$ cat target08.cif   # mmCIF, C-alpha atoms and all ligand atoms
data_final
loop_
_atom_site.group_PDB
_atom_site.id
_atom_site.type_symbol
_atom_site.label_atom_id
_atom_site.label_comp_id
_atom_site.auth_asym_id
_atom_site.auth_seq_id
_atom_site.Cartn_x
_atom_site.Cartn_y
_atom_site.Cartn_z
ATOM 1 C CA MET A 207 0.000 0.000 0.000
ATOM 2 C CA THR A 208 1.278 3.475 -0.919
ATOM 3 C CA ASP A 209 1.810 5.722 2.100
ATOM 4 C CA PHE A 210 -1.010 8.045 2.968
ATOM 5 C CA ILE A 211 -0.796 11.124 0.773
ATOM 6 C CA ALA A 212 -2.311 14.442 1.705
ATOM 7 C CA PRO A 213 -0.665 17.811 1.221
ATOM 8 C CA PHE A 214 -1.841 18.614 4.774
ATOM 9 C CA GLU A 215 -4.407 17.115 7.068
ATOM 10 C CA THR A 216 -7.560 19.095 7.838
ATOM 11 C CA ALA A 217 -9.948 18.150 10.645
ATOM 12 C CA ALA A 218 -12.213 16.317 8.136
ATOM 13 C CA THR A 219 -9.311 14.244 6.818
ATOM 14 C CA ALA A 220 -7.964 13.411 10.280
ATOM 15 C CA GLU A 221 -11.455 12.415 11.415
ATOM 16 C CA LEU A 222 -11.901 10.097 8.458
ATOM 17 C CA ARG A 223 -8.486 8.541 8.868
ATOM 18 C CA GLN A 224 -9.394 7.791 12.496
ATOM 19 C CA GLU A 225 -12.767 6.420 11.397
ATOM 20 C CA ILE A 226 -11.088 3.999 8.960
ATOM 21 C CA GLU A 227 -8.808 2.747 11.715
ATOM 22 C CA THR A 228 -11.717 2.311 14.129
ATOM 23 C CA ARG A 229 -13.893 0.432 11.611
ATOM 24 C CA CYS A 230 -11.024 -1.892 10.612
ATOM 25 C CA GLY A 231 -10.628 -2.737 14.313
ATOM 26 C CA LEU A 232 -14.347 -3.248 14.968
ATOM 27 C CA ASN A 233 -15.220 -5.191 11.816
ATOM 28 C CA PRO A 234 -11.909 -6.781 10.707
ATOM 29 C CA ASP A 235 -13.416 -9.441 8.395
ATOM 30 C CA PHE A 236 -15.595 -6.993 6.514
ATOM 31 C CA ALA A 237 -13.524 -3.794 6.417
ATOM 32 C CA LEU A 238 -10.476 -3.207 4.247
ATOM 33 C CA ARG A 239 -8.109 -0.389 3.343
ATOM 34 C CA ILE A 240 -7.663 0.041 -0.406
ATOM 35 C CA GLY A 241 -4.884 2.095 -2.043
ATOM 36 C CA ASN A 242 -3.378 5.091 -0.302
ATOM 37 C CA PHE A 243 -6.532 6.344 1.453
ATOM 38 C CA GLY A 244 -9.363 4.114 0.216
ATOM 39 C CA PHE A 245 -11.588 1.935 2.325
ATOM 40 C CA LEU A 246 -14.454 -0.515 1.883
ATOM 41 C CA GLU A 247 -16.729 -1.988 4.516
ATOM 42 C CA LEU A 248 -19.692 -4.315 4.366
ATOM 43 C CA GLU A 249 -21.321 -2.566 7.280
ATOM 44 C CA SER A 250 -24.529 -4.549 7.390
ATOM 45 C CA SER A 251 -26.847 -6.745 5.374
ATOM 46 C CA TRP A 252 -30.474 -7.742 5.579
ATOM 47 C CA GLY A 253 -31.855 -11.123 4.561
ATOM 48 C CA ASP A 254 -30.086 -14.262 3.358
ATOM 49 C CA GLU A 255 -30.522 -17.327 1.143
ATOM 50 C CA ALA A 256 -33.587 -18.375 3.180
ATOM 51 C CA THR A 257 -35.204 -14.976 2.574
ATOM 52 C CA ILE A 258 -34.849 -15.520 -1.162
ATOM 53 C CA ILE A 259 -36.362 -19.015 -1.065
ATOM 54 C CA ASN A 260 -39.261 -17.926 1.169
ATOM 55 C CA THR A 261 -39.959 -14.907 -1.038
ATOM 56 C CA ALA A 262 -40.080 -17.089 -4.155
ATOM 57 C CA ARG A 263 -42.289 -19.724 -2.513
ATOM 58 C CA VAL A 264 -45.059 -17.254 -1.742
ATOM 59 C CA SER A 265 -46.414 -18.101 -5.179
ATOM 60 C CA THR A 266 -46.345 -21.897 -4.792
ATOM 61 C CA THR A 267 -46.177 -23.315 -1.252
ATOM 62 C CA ASN A 268 -45.943 -22.390 2.400
ATOM 63 C CA HIS A 269 -42.893 -24.554 2.959
ATOM 64 C CA ARG A 270 -40.534 -22.089 4.643
ATOM 65 C CA VAL A 271 -36.881 -22.496 5.493
ATOM 66 C CA GLU A 272 -35.563 -20.718 8.569
ATOM 67 C CA ALA A 273 -31.865 -20.605 7.808
ATOM 68 C CA LEU A 274 -29.151 -22.016 5.585
ATOM 69 C CA ASP A 275 -28.700 -25.006 7.932
ATOM 70 C CA ASP A 276 -32.237 -26.182 7.005
ATOM 71 C CA PHE A 277 -31.498 -26.202 3.272
ATOM 72 C CA SER A 278 -32.190 -29.438 1.420
ATOM 73 C CA ASP A 279 -30.775 -30.212 -2.019
ATOM 74 C CA ARG A 280 -34.132 -29.156 -3.380
ATOM 75 C CA ASP A 281 -33.770 -25.703 -1.774
ATOM 76 C CA ARG A 282 -30.258 -25.362 -3.162
ATOM 77 C CA HIS A 283 -31.460 -26.325 -6.591
ATOM 78 C CA LEU A 284 -34.319 -23.814 -6.392
ATOM 79 C CA LEU A 285 -31.855 -21.032 -5.556
ATOM 80 C CA TYR A 286 -29.774 -21.914 -8.601
ATOM 81 C CA PHE A 287 -32.812 -22.433 -10.846
ATOM 82 C CA LEU A 288 -34.315 -19.037 -10.002
ATOM 83 C CA LEU A 289 -31.050 -17.191 -10.570
ATOM 84 C CA SER A 290 -30.160 -18.972 -13.785
ATOM 85 C CA LYS A 291 -33.644 -18.479 -15.269
ATOM 86 C CA ASN A 292 -33.715 -14.762 -14.444
ATOM 87 C CA HIS A 293 -36.477 -15.008 -11.864
ATOM 88 C CA GLY A 294 -34.980 -11.835 -10.477
ATOM 89 C CA THR A 295 -37.320 -10.310 -7.902
ATOM 90 C CA PRO A 296 -36.709 -12.775 -5.007
ATOM 91 C CA PHE A 297 -33.060 -11.695 -5.254
ATOM 92 C CA GLU A 298 -34.142 -8.128 -4.625
ATOM 93 C CA SER A 299 -35.234 -9.093 -1.095
ATOM 94 C CA VAL A 300 -31.675 -9.191 0.275
ATOM 95 C CA TYR A 301 -29.915 -5.887 1.006
ATOM 96 C CA PHE A 302 -26.353 -4.763 1.638
ATOM 97 C CA ARG A 303 -25.053 -1.534 3.097
ATOM 98 C CA TRP A 304 -21.524 -0.634 2.040
ATOM 99 C CA ARG A 305 -19.290 2.200 3.172
ATOM 100 C CA ILE A 306 -16.967 3.298 0.409
ATOM 101 C CA ILE A 307 -14.143 5.802 0.708
ATOM 102 C CA ALA A 308 -12.793 6.213 -2.799
ATOM 103 C CA PRO A 309 -11.595 8.866 -5.239
ATOM 104 C CA ILE A 310 -14.373 10.729 -7.038
ATOM 105 C CA PHE A 311 -13.412 9.206 -10.428
ATOM 106 C CA ILE A 312 -14.157 5.717 -9.068
ATOM 107 C CA LEU A 313 -17.388 6.823 -7.440
ATOM 108 C CA ARG A 314 -18.456 8.413 -10.695
ATOM 109 C CA GLN A 315 -18.294 4.979 -12.356
ATOM 110 C CA TRP A 316 -19.909 3.328 -9.343
ATOM 111 C CA MET A 317 -22.872 5.700 -9.348
ATOM 112 C CA ARG A 318 -23.731 4.680 -12.901
ATOM 113 C CA HIS A 319 -25.253 1.643 -11.171
ATOM 114 C CA ARG A 320 -28.626 3.280 -10.821
ATOM 115 C CA VAL A 321 -30.418 0.470 -9.017
ATOM 116 C CA GLY A 322 -29.371 1.158 -5.442
ATOM 117 C CA SER A 323 -29.063 4.236 -3.207
ATOM 118 C CA PHE A 324 -26.101 6.486 -2.540
ATOM 119 C CA ASN A 325 -25.425 9.108 0.105
ATOM 120 C CA GLU A 326 -22.231 11.118 -0.287
ATOM 121 C CA PHE A 327 -19.989 13.389 1.771
ATOM 122 C CA SER A 328 -20.788 16.964 0.736
ATOM 123 C CA GLN A 329 -18.125 19.484 -0.203
ATOM 124 C CA ARG A 330 -20.934 22.021 0.020
ATOM 125 C CA TYR A 331 -21.189 21.591 3.774
ATOM 126 C CA ARG A 332 -17.659 20.450 4.606
ATOM 127 C CA GLU A 333 -14.156 21.169 3.437
ATOM 128 C CA PRO A 334 -12.868 18.567 0.981
ATOM 129 C CA ILE A 335 -10.971 15.537 2.231
ATOM 130 C CA THR A 336 -7.387 16.579 1.581
ATOM 131 C CA ALA A 337 -6.251 13.096 0.544
ATOM 132 C CA TYR A 338 -6.059 12.419 -3.185
ATOM 133 C CA TYR A 339 -5.527 9.221 -5.160
ATOM 134 C CA VAL A 340 -1.940 8.229 -5.846
ATOM 135 C CA PRO A 341 -1.487 5.306 -8.257
ATOM 136 C CA ASP A 342 0.624 2.435 -6.965
ATOM 137 C CA GLU A 343 3.201 0.512 -9.015
ATOM 138 C CA ALA A 344 0.586 -1.829 -10.541
ATOM 139 C CA ALA A 345 -1.644 1.093 -11.501
ATOM 140 C CA CYS A 346 1.269 2.768 -13.304
ATOM 141 C CA SER A 347 2.035 -0.340 -15.382
ATOM 142 C CA VAL A 348 0.432 -2.459 -18.090
ATOM 143 C CA ASP A 349 1.640 -6.069 -18.411
ATOM 144 C CA GLY A 350 4.724 -5.137 -16.374
ATOM 145 C CA VAL A 351 5.542 -2.141 -18.604
ATOM 146 C CA ARG A 352 5.705 1.097 -16.653
ATOM 147 C CA ILE A 353 3.718 3.703 -18.576
ATOM 148 C CA ILE A 354 4.018 6.593 -16.136
ATOM 149 C CA SER A 355 7.460 7.519 -14.857
ATOM 150 C CA ASP A 356 8.448 8.588 -11.333
ATOM 151 C CA GLU A 357 9.155 12.058 -12.659
ATOM 152 C CA GLN A 358 5.653 12.278 -14.165
ATOM 153 C CA LEU A 359 4.222 10.989 -10.904
ATOM 154 C CA ASP A 360 6.087 13.724 -9.027
ATOM 155 C CA ARG A 361 4.537 16.319 -11.328
ATOM 156 C CA TYR A 362 1.097 14.788 -10.763
ATOM 157 C CA ASN A 363 1.634 14.962 -6.989
ATOM 158 C CA ASP A 364 2.785 18.602 -7.221
ATOM 159 C CA LEU A 365 -0.304 19.504 -9.227
ATOM 160 C CA MET A 366 -2.675 17.777 -6.792
ATOM 161 C CA ASP A 367 -0.886 19.432 -3.869
ATOM 162 C CA SER A 368 -1.232 22.850 -5.441
ATOM 163 C CA LEU A 369 -4.972 22.395 -6.125
ATOM 164 C CA HIS A 370 -5.616 21.356 -2.529
ATOM 165 C CA ARG A 371 -3.477 24.256 -1.280
ATOM 166 C CA PHE A 372 -5.337 26.678 -3.545
ATOM 167 C CA TYR A 373 -8.602 25.581 -1.917
ATOM 168 C CA GLN A 374 -7.303 25.860 1.643
ATOM 169 C CA ASP A 375 -5.528 29.197 1.151
ATOM 170 C CA THR A 376 -8.422 30.808 -0.701
ATOM 171 C CA TYR A 377 -11.026 29.486 1.701
ATOM 172 C CA GLY A 378 -8.906 30.760 4.606
ATOM 173 C CA GLU A 379 -8.780 34.248 3.007
ATOM 174 C CA ILE A 380 -12.551 34.291 2.448
ATOM 175 C CA LYS A 381 -13.257 33.171 6.003
ATOM 176 C CA GLU A 382 -11.089 35.993 7.296
ATOM 177 C CA LYS A 383 -12.868 38.512 5.110
ATOM 178 C CA VAL A 384 -16.299 37.282 6.273
ATOM 179 C CA THR A 385 -15.179 37.682 9.902
ATOM 180 C CA GLN A 386 -13.992 41.237 9.198
ATOM 181 C CA LEU A 387 -17.287 42.139 7.506
ATOM 182 C CA GLU A 388 -19.218 40.705 10.459
ATOM 183 C CA GLU A 389 -17.132 42.660 12.947
ATOM 184 C CA ALA A 390 -17.585 45.861 10.955
ATOM 185 C CA GLY A 391 -21.370 45.279 10.979
ATOM 186 C CA ASP A 392 -21.488 45.110 7.168
ATOM 187 C CA ILE A 393 -23.093 41.668 7.201
ATOM 188 C CA PRO A 394 -25.133 39.940 9.927
ATOM 189 C CA LYS A 395 -23.257 37.784 12.404
ATOM 190 C CA ILE A 396 -24.614 34.240 12.135
ATOM 191 C CA GLU A 397 -24.430 32.209 15.344
ATOM 192 C CA GLY A 398 -24.518 28.468 14.651
ATOM 193 C CA GLY A 399 -26.113 26.825 11.633
ATOM 194 C CA ARG A 400 -25.151 27.402 8.041
ATOM 195 C CA ASN A 401 -23.234 30.555 7.236
ATOM 196 C CA PRO A 402 -24.342 31.547 3.694
ATOM 197 C CA TYR A 403 -21.185 33.598 3.036
ATOM 198 C CA ARG A 404 -18.799 30.760 3.799
ATOM 199 C CA ALA A 405 -21.149 28.286 2.145
ATOM 200 C CA ARG A 406 -20.997 30.240 -1.138
ATOM 201 C CA ALA A 407 -17.196 30.069 -0.977
ATOM 202 C CA ARG A 408 -17.337 26.286 -0.535
ATOM 203 C CA GLU A 409 -19.828 25.912 -3.361
ATOM 204 C CA LEU A 410 -17.489 27.737 -5.726
ATOM 205 C CA LEU A 411 -14.113 26.495 -4.529
ATOM 206 C CA ARG A 412 -15.048 22.816 -4.718
ATOM 207 C CA ASN A 413 -15.061 23.263 -8.503
ATOM 208 C CA ALA A 414 -11.270 23.354 -8.358
ATOM 209 C CA MET A 415 -11.031 19.958 -6.641
ATOM 210 C CA PRO A 416 -9.768 17.202 -8.942
ATOM 211 C CA VAL A 417 -11.575 13.885 -9.439
ATOM 212 C CA SER A 418 -8.642 12.236 -7.643
ATOM 213 C CA THR A 419 -9.980 13.707 -4.361
ATOM 214 C CA TYR A 420 -11.315 11.083 -1.977
ATOM 215 C CA SER A 421 -14.963 11.065 -1.037
ATOM 216 C CA ASP A 422 -17.082 9.094 1.413
ATOM 217 C CA VAL A 423 -20.257 7.261 0.421
ATOM 218 C CA TYR A 424 -22.893 4.850 1.694
ATOM 219 C CA TRP A 425 -24.256 2.451 -0.918
ATOM 220 C CA THR A 426 -27.385 0.455 -0.177
ATOM 221 C CA VAL A 427 -28.037 -2.157 -2.799
ATOM 222 C CA ASN A 428 -30.023 -5.349 -3.273
ATOM 223 C CA PHE A 429 -28.405 -8.624 -4.303
ATOM 224 C CA ARG A 430 -29.694 -8.565 -7.875
ATOM 225 C CA SER A 431 -28.061 -5.217 -8.513
ATOM 226 C CA LEU A 432 -24.915 -6.187 -6.584
ATOM 227 C CA MET A 433 -24.508 -9.240 -8.814
ATOM 228 C CA ASN A 434 -24.767 -7.005 -11.881
ATOM 229 C CA PHE A 435 -22.074 -4.771 -10.351
ATOM 230 C CA PHE A 436 -19.771 -7.785 -9.791
ATOM 231 C CA ASP A 437 -20.452 -9.014 -13.305
ATOM 232 C CA LEU A 438 -19.515 -5.686 -14.900
ATOM 233 C CA ARG A 439 -16.848 -4.304 -12.583
ATOM 234 C CA ARG A 440 -14.780 -7.447 -11.894
ATOM 235 C CA LYS A 441 -14.139 -8.137 -15.557
ATOM 236 C CA SER A 442 -10.704 -7.442 -16.917
ATOM 237 C CA ASN A 443 -12.038 -4.659 -19.164
ATOM 238 C CA ALA A 444 -13.244 -2.664 -16.132
ATOM 239 C CA GLN A 445 -10.838 0.024 -14.891
ATOM 240 C CA TYR A 446 -8.149 -1.284 -12.529
ATOM 241 C CA GLU A 447 -9.085 1.002 -9.634
ATOM 242 C CA ILE A 448 -12.795 0.106 -9.497
ATOM 243 C CA ARG A 449 -11.854 -3.557 -9.956
ATOM 244 C CA LEU A 450 -9.871 -3.406 -6.702
ATOM 245 C CA TYR A 451 -13.003 -2.318 -4.878
ATOM 246 C CA ALA A 452 -15.288 -4.751 -6.734
ATOM 247 C CA ASP A 453 -12.934 -7.651 -5.949
ATOM 248 C CA ALA A 454 -12.772 -6.673 -2.276
ATOM 249 C CA ALA A 455 -16.587 -6.396 -2.127
ATOM 250 C CA TYR A 456 -16.878 -9.793 -3.816
ATOM 251 C CA GLN A 457 -14.592 -11.416 -1.201
ATOM 252 C CA MET A 458 -16.607 -9.921 1.668
ATOM 253 C CA PHE A 459 -19.889 -10.937 0.073
ATOM 254 C CA HIS A 460 -18.633 -14.512 -0.404
ATOM 255 C CA LYS A 461 -17.468 -14.704 3.197
ATOM 256 C CA ARG A 462 -20.906 -13.719 4.465
ATOM 257 C CA PHE A 463 -23.067 -15.639 1.950
ATOM 258 C CA PRO A 464 -21.109 -18.683 0.740
ATOM 259 C CA LEU A 465 -24.050 -20.512 -0.877
ATOM 260 C CA LEU A 466 -25.376 -17.436 -2.644
ATOM 261 C CA GLY A 467 -21.819 -16.646 -3.713
ATOM 262 C CA GLU A 468 -21.279 -20.113 -5.176
ATOM 263 C CA THR A 469 -24.643 -19.989 -6.932
ATOM 264 C CA MET A 470 -23.858 -16.571 -8.384
ATOM 265 C CA ASP A 471 -20.451 -17.725 -9.640
ATOM 266 C CA ARG A 472 -22.006 -20.762 -11.325
ATOM 267 C CA VAL A 473 -24.661 -18.663 -13.069
ATOM 268 C CA LEU A 474 -22.150 -16.011 -14.179
ATOM 269 C CA ALA A 475 -19.772 -18.702 -15.471
ATOM 270 C CA GLU A 476 -22.606 -20.312 -17.451
ATOM 271 C CA LYS A 477 -23.506 -16.904 -18.832
ATOM 272 C CA GLY A 478 -20.015 -16.784 -20.313
ATOM 273 C CA ASN A 479 -18.366 -14.536 -17.776
ATOM 274 C CA ALA A 480 -14.726 -15.479 -18.211
ATOM 275 C CA ASP A 481 -13.816 -13.939 -14.841
ATOM 276 C CA GLY A 482 -16.507 -15.804 -12.893
ATOM 277 C CA GLU A 483 -14.974 -18.264 -10.454
HETATM 278 C C1 LIG B 501 -16.141 -1.600 -18.794
HETATM 279 C C2 LIG B 501 -17.218 -0.563 -18.755
HETATM 280 C C3 LIG B 501 -17.141 0.538 -19.588
HETATM 281 C C4 LIG B 501 -18.149 1.521 -19.553
HETATM 282 N N1 LIG B 501 -18.048 2.599 -20.392
HETATM 283 C C5 LIG B 501 -19.019 3.554 -20.363
HETATM 284 C C6 LIG B 501 -18.934 4.705 -21.199
HETATM 285 O O1 LIG B 501 -18.006 4.869 -21.982
HETATM 286 N N2 LIG B 501 -19.908 5.639 -21.135
HETATM 287 C C7 LIG B 501 -20.993 5.494 -20.288
HETATM 288 O O2 LIG B 501 -21.871 6.360 -20.256
HETATM 289 N N3 LIG B 501 -21.102 4.423 -19.480
HETATM 290 C C8 LIG B 501 -20.150 3.460 -19.498
HETATM 291 N N4 LIG B 501 -20.247 2.387 -18.658
HETATM 292 C C9 LIG B 501 -21.374 2.308 -17.725
HETATM 293 C C10 LIG B 501 -22.428 1.294 -18.219
HETATM 294 O O3 LIG B 501 -22.981 1.681 -19.457
HETATM 295 C C11 LIG B 501 -23.564 1.196 -17.178
HETATM 296 O O4 LIG B 501 -24.204 2.438 -17.064
HETATM 297 C C12 LIG B 501 -23.070 0.796 -15.827
HETATM 298 O O5 LIG B 501 -22.167 -0.267 -15.904
HETATM 299 C C13 LIG B 501 -24.248 0.404 -14.948
HETATM 300 O O6 LIG B 501 -24.788 -0.806 -15.430
HETATM 301 P P1 LIG B 501 -26.331 -1.100 -15.441
HETATM 302 O O7 LIG B 501 -27.079 -0.078 -16.225
HETATM 303 O O8 LIG B 501 -26.504 -2.539 -15.852
HETATM 304 O O9 LIG B 501 -26.673 -0.976 -13.863
HETATM 305 P P2 LIG B 501 -27.910 -0.281 -13.148
HETATM 306 O O10 LIG B 501 -28.013 1.137 -13.544
HETATM 307 O O11 LIG B 501 -27.757 -0.584 -11.689
HETATM 308 O O12 LIG B 501 -29.146 -1.034 -13.730
HETATM 309 C C14 LIG B 501 -29.372 -2.403 -13.422
HETATM 310 C C15 LIG B 501 -30.270 -3.001 -14.497
HETATM 311 O O13 LIG B 501 -31.557 -2.370 -14.426
HETATM 312 C C16 LIG B 501 -32.064 -2.190 -15.748
HETATM 313 N N5 LIG B 501 -32.237 -0.753 -15.981
HETATM 314 C C17 LIG B 501 -31.767 0.266 -15.203
HETATM 315 N N6 LIG B 501 -32.150 1.431 -15.700
HETATM 316 C C18 LIG B 501 -32.837 1.162 -16.823
HETATM 317 C C19 LIG B 501 -33.481 1.967 -17.792
HETATM 318 N N7 LIG B 501 -33.458 3.284 -17.734
HETATM 319 N N8 LIG B 501 -34.109 1.374 -18.808
HETATM 320 C C20 LIG B 501 -34.148 0.039 -18.907
HETATM 321 N N9 LIG B 501 -33.551 -0.810 -18.033
HETATM 322 C C21 LIG B 501 -32.902 -0.234 -17.005
HETATM 323 C C22 LIG B 501 -31.057 -2.833 -16.696
HETATM 324 O O14 LIG B 501 -31.420 -4.186 -16.907
HETATM 325 C C23 LIG B 501 -29.772 -2.782 -15.924
HETATM 326 O O15 LIG B 501 -28.832 -3.768 -16.313
HETATM 327 C C24 LIG B 501 -19.261 1.392 -18.675
HETATM 328 C C25 LIG B 501 -19.327 0.259 -17.840
HETATM 329 C C26 LIG B 501 -18.321 -0.698 -17.864
HETATM 330 C C27 LIG B 501 -18.413 -1.885 -16.938
#
$ encode --input "target08.cif" --output "structure tokens"
Amino acid sequence: MTDFIAPFETAATAELRQEIETRCGLNPDFALRIGNFGFLELESSWGDEATIINTARVSTTNHRVEALDDFSDRDRHLLYFLLSKNHGTPFESVYFRWRIIAPIFILRQWMRHRVGSFNEFSQRYREPITAYYVPDEAACSVDGVRIISDEQLDRYNDLMDSLHRFYQDTYGEIKEKVTQLEEAGDIPKIEGGRNPYRARARELLRNAMPVSTYSDVYWTVNFRSLMNFFDLRRKSNAQYEIRLYADAAYQMFHKRFPLLGETMDRVLAEKGNADGE
């Protein structure tokens, strides 16, 4: 893992770094650091293989299963049959809640997955996270051939540093000016709550933040849509950086739902997904 890179650490960045450390300690099997400041956690899930079977059986029988331990071969076969024949809605009855700390360019690809819900850290209400994405050795290479040199990487780092510094310096100047105007009685002094003068500065200055800036997101998604995400974003033609996250999510999902994971892999492999396991 590349060392943490931030030109300087603001309160928001320090808080998030602490949060990552805390979550990795509390949920070690389902929380993982990715890249120089990234993070993924399967924070919670709702439902399981039995939920899927019981949901499907509402149309045919009242034979319910309570948990995976009760599964007969017939139940296992039904799970596979439903998934392979695109009987999709029972698979929408299981939900996952993921915490994703990733650069904006990755999240931009992720949010194209419209079936699911996102909530994101707001640079309108908070200063940006001052960590930005720094490609590691593998990210800088294709088939072992280095395509971006150390010198080019240094220039990239300088540019990212200067953009983050521009934000901090300019925002600092505006804050000072707002304080002076308040003290002179030229604008009302706002105690607590949102300060519209500072807020306008944030709204404008965030435009200078590069897509390499890290952001913080919750993603709530059902299994059907999650499977589509794995199918598309774990393939070798998906961008390396989102693949790292998709692969990590896949491992966590498998650990929590081994039967559903195996069934999904079988169906994806039959569908011709070369990367299905
Ligand atoms: C390797 C790769 C390259 C890509 N390149 C580009 C690119 O160059 N430009 C670009 O814009 N996008 C690109 N994408 C994004 C891609 O087109 C999809 O938007 C994204 O992968 C989300 O997939 P999805 O629509 O299946 O998922 P979701 O949006 O989660 O939708 C899930 C499923 O719901 C159904 N659905 C959702 N919305 C609709 C709808 N409006 N009408 C009908 N059915 C719907 C579909 O069956 C869909 O598969 C790329 C994706 C990958 C993996």
$ residues_near_point --input "target08.cif" --point "(-28.1, -3.5, 0.5)" --cutoff "9 Å" --atoms "all atoms listed in the file" --output "VMD selection string"
chain A and resid 250 to 252 300 to 304 322 to 323 425 to 429 432
$ write_last_selection --input "target08.cif" --atoms "C-alpha atoms" --output "compact mmCIF listing (two decimals), in the coordinates of the input"
# COMPACT_ATOMS: atom_id res chain seq x y z
CA SER A 250 -24.53 -4.55 7.39
CA SER A 251 -26.85 -6.74 5.37
CA TRP A 252 -30.47 -7.74 5.58
CA VAL A 300 -31.68 -9.19 0.28
CA TYR A 301 -29.92 -5.89 1.01
CA PHE A 302 -26.35 -4.76 1.64
CA ARG A 303 -25.05 -1.53 3.10
CA TRP A 304 -21.52 -0.63 2.04
CA GLY A 322 -29.37 1.16 -5.44
CA SER A 323 -29.06 4.24 -3.21
CA TRP A 425 -24.26 2.45 -0.92
CA THR A 426 -27.38 0.46 -0.18
CA VAL A 427 -28.04 -2.16 -2.80
CA ASN A 428 -30.02 -5.35 -3.27
CA PHE A 429 -28.40 -8.62 -4.30
CA LEU A 432 -24.92 -6.19 -6.58
$ residues_around --input "target08.cif" --residues "His293 of chain A" --least-positions-apart "6" --cutoff "12 Å" --atoms "all atoms listed in the file" --output "VMD selection string"
chain A and resid 258 to 259 261 to 263 284 to 287 430
$ atom_distance --input "target08.cif" --atom1 "atom CA of Ile448 of chain A" --atom2 "atom N6 of ligand LIG 501 (chain B)"
20.4 Å
$ resolve_selection --input "target08.cif" --expression "the PyMOL selection byres (((chain A and resi 409) around 10) and not hetatm)" --output "PDB file with C-alpha atoms, in the coordinates of the input"
ATOM      1  CA  SER A 328     -20.788  16.964   0.736  1.00  0.00           C
ATOM      2  CA  GLN A 329     -18.125  19.484  -0.203  1.00  0.00           C
ATOM      3  CA  ARG A 330     -20.934  22.021   0.020  1.00  0.00           C
ATOM      4  CA  TYR A 331     -21.189  21.591   3.774  1.00  0.00           C
ATOM      5  CA  ARG A 332     -17.659  20.450   4.606  1.00  0.00           C
ATOM      6  CA  ARG A 404     -18.799  30.760   3.799  1.00  0.00           C
ATOM      7  CA  ALA A 405     -21.149  28.286   2.145  1.00  0.00           C
ATOM      8  CA  ARG A 406     -20.997  30.240  -1.138  1.00  0.00           C
ATOM      9  CA  ALA A 407     -17.196  30.069  -0.977  1.00  0.00           C
ATOM     10  CA  ARG A 408     -17.337  26.286  -0.535  1.00  0.00           C
ATOM     11  CA  LEU A 410     -17.489  27.737  -5.726  1.00  0.00           C
ATOM     12  CA  LEU A 411     -14.113  26.495  -4.529  1.00  0.00           C
ATOM     13  CA  ARG A 412     -15.048  22.816  -4.718  1.00  0.00           C
ATOM     14  CA  ASN A 413     -15.061  23.263  -8.503  1.00  0.00           C
TER      15      ASN A 413
END
$ axis_aligned_box --input "target08.cif" --around "ligand LIG 501 (chain B)" --padding-each-side "5 Å" --output "JSON"
{"center_x": -25.1, "center_y": 1.1, "center_z": -16.8, "size_x": 28.0, "size_y": 20.5, "size_z": 20.3}
$ residues_near_point --input "target08.cif" --point "(-44.0, -18.0, 7.4)" --cutoff "12 Å" --atoms "only C-alpha atoms" --output "list in words"
Ala256, Thr257, Ile259, Asn260, Thr261, Arg263, Val264, Thr267, Asn268, His269, Arg270, Val271 and Glu272 of chain A
$ residues_around --input "target08.cif" --residues "Gln358 of chain A" --least-positions-apart "6" --cutoff "12 Å" --atoms "only C-alpha atoms" --output "PyMOL selection string"
chain A and resi 340-341+346+352+364-365
$ residues_near_ligand --input "target08.cif" --ligand "ligand LIG 501 (chain B)" --cutoff "12 Å" --atoms "only C-alpha atoms and all ligand atoms" --output "short mmCIF file (atom, residue, chain, number, x, y, z; two decimals) with C-alpha atoms, keeping the file's coordinate frame"
data_model
loop_
_atom_site.label_atom_id
_atom_site.label_comp_id
_atom_site.auth_asym_id
_atom_site.auth_seq_id
_atom_site.Cartn_x
_atom_site.Cartn_y
_atom_site.Cartn_z
CA ASN A 292 -33.72 -14.76 -14.44
CA GLY A 294 -34.98 -11.84 -10.48
CA THR A 295 -37.32 -10.31 -7.90
CA GLU A 298 -34.14 -8.13 -4.62
CA ILE A 312 -14.16 5.72 -9.07
CA LEU A 313 -17.39 6.82 -7.44
CA ARG A 314 -18.46 8.41 -10.70
CA GLN A 315 -18.29 4.98 -12.36
CA TRP A 316 -19.91 3.33 -9.34
CA MET A 317 -22.87 5.70 -9.35
CA ARG A 318 -23.73 4.68 -12.90
CA HIS A 319 -25.25 1.64 -11.17
CA ARG A 320 -28.63 3.28 -10.82
CA VAL A 321 -30.42 0.47 -9.02
CA GLY A 322 -29.37 1.16 -5.44
CA SER A 323 -29.06 4.24 -3.21
CA PHE A 324 -26.10 6.49 -2.54
CA TRP A 425 -24.26 2.45 -0.92
CA THR A 426 -27.38 0.46 -0.18
CA VAL A 427 -28.04 -2.16 -2.80
CA ASN A 428 -30.02 -5.35 -3.27
CA PHE A 429 -28.40 -8.62 -4.30
CA ARG A 430 -29.69 -8.56 -7.88
CA SER A 431 -28.06 -5.22 -8.51
CA LEU A 432 -24.92 -6.19 -6.58
CA MET A 433 -24.51 -9.24 -8.81
CA ASN A 434 -24.77 -7.00 -11.88
CA PHE A 435 -22.07 -4.77 -10.35
CA PHE A 436 -19.77 -7.78 -9.79
CA ASP A 437 -20.45 -9.01 -13.30
CA LEU A 438 -19.52 -5.69 -14.90
CA ARG A 439 -16.85 -4.30 -12.58
CA ARG A 440 -14.78 -7.45 -11.89
CA LYS A 441 -14.14 -8.14 -15.56
CA SER A 442 -10.70 -7.44 -16.92
CA ASN A 443 -12.04 -4.66 -19.16
CA ALA A 444 -13.24 -2.66 -16.13
CA GLN A 445 -10.84 0.02 -14.89
CA TYR A 446 -8.15 -1.28 -12.53
CA GLU A 447 -9.09 1.00 -9.63
CA ILE A 448 -12.80 0.11 -9.50
CA ARG A 449 -11.85 -3.56 -9.96
CA ALA A 452 -15.29 -4.75 -6.73
#
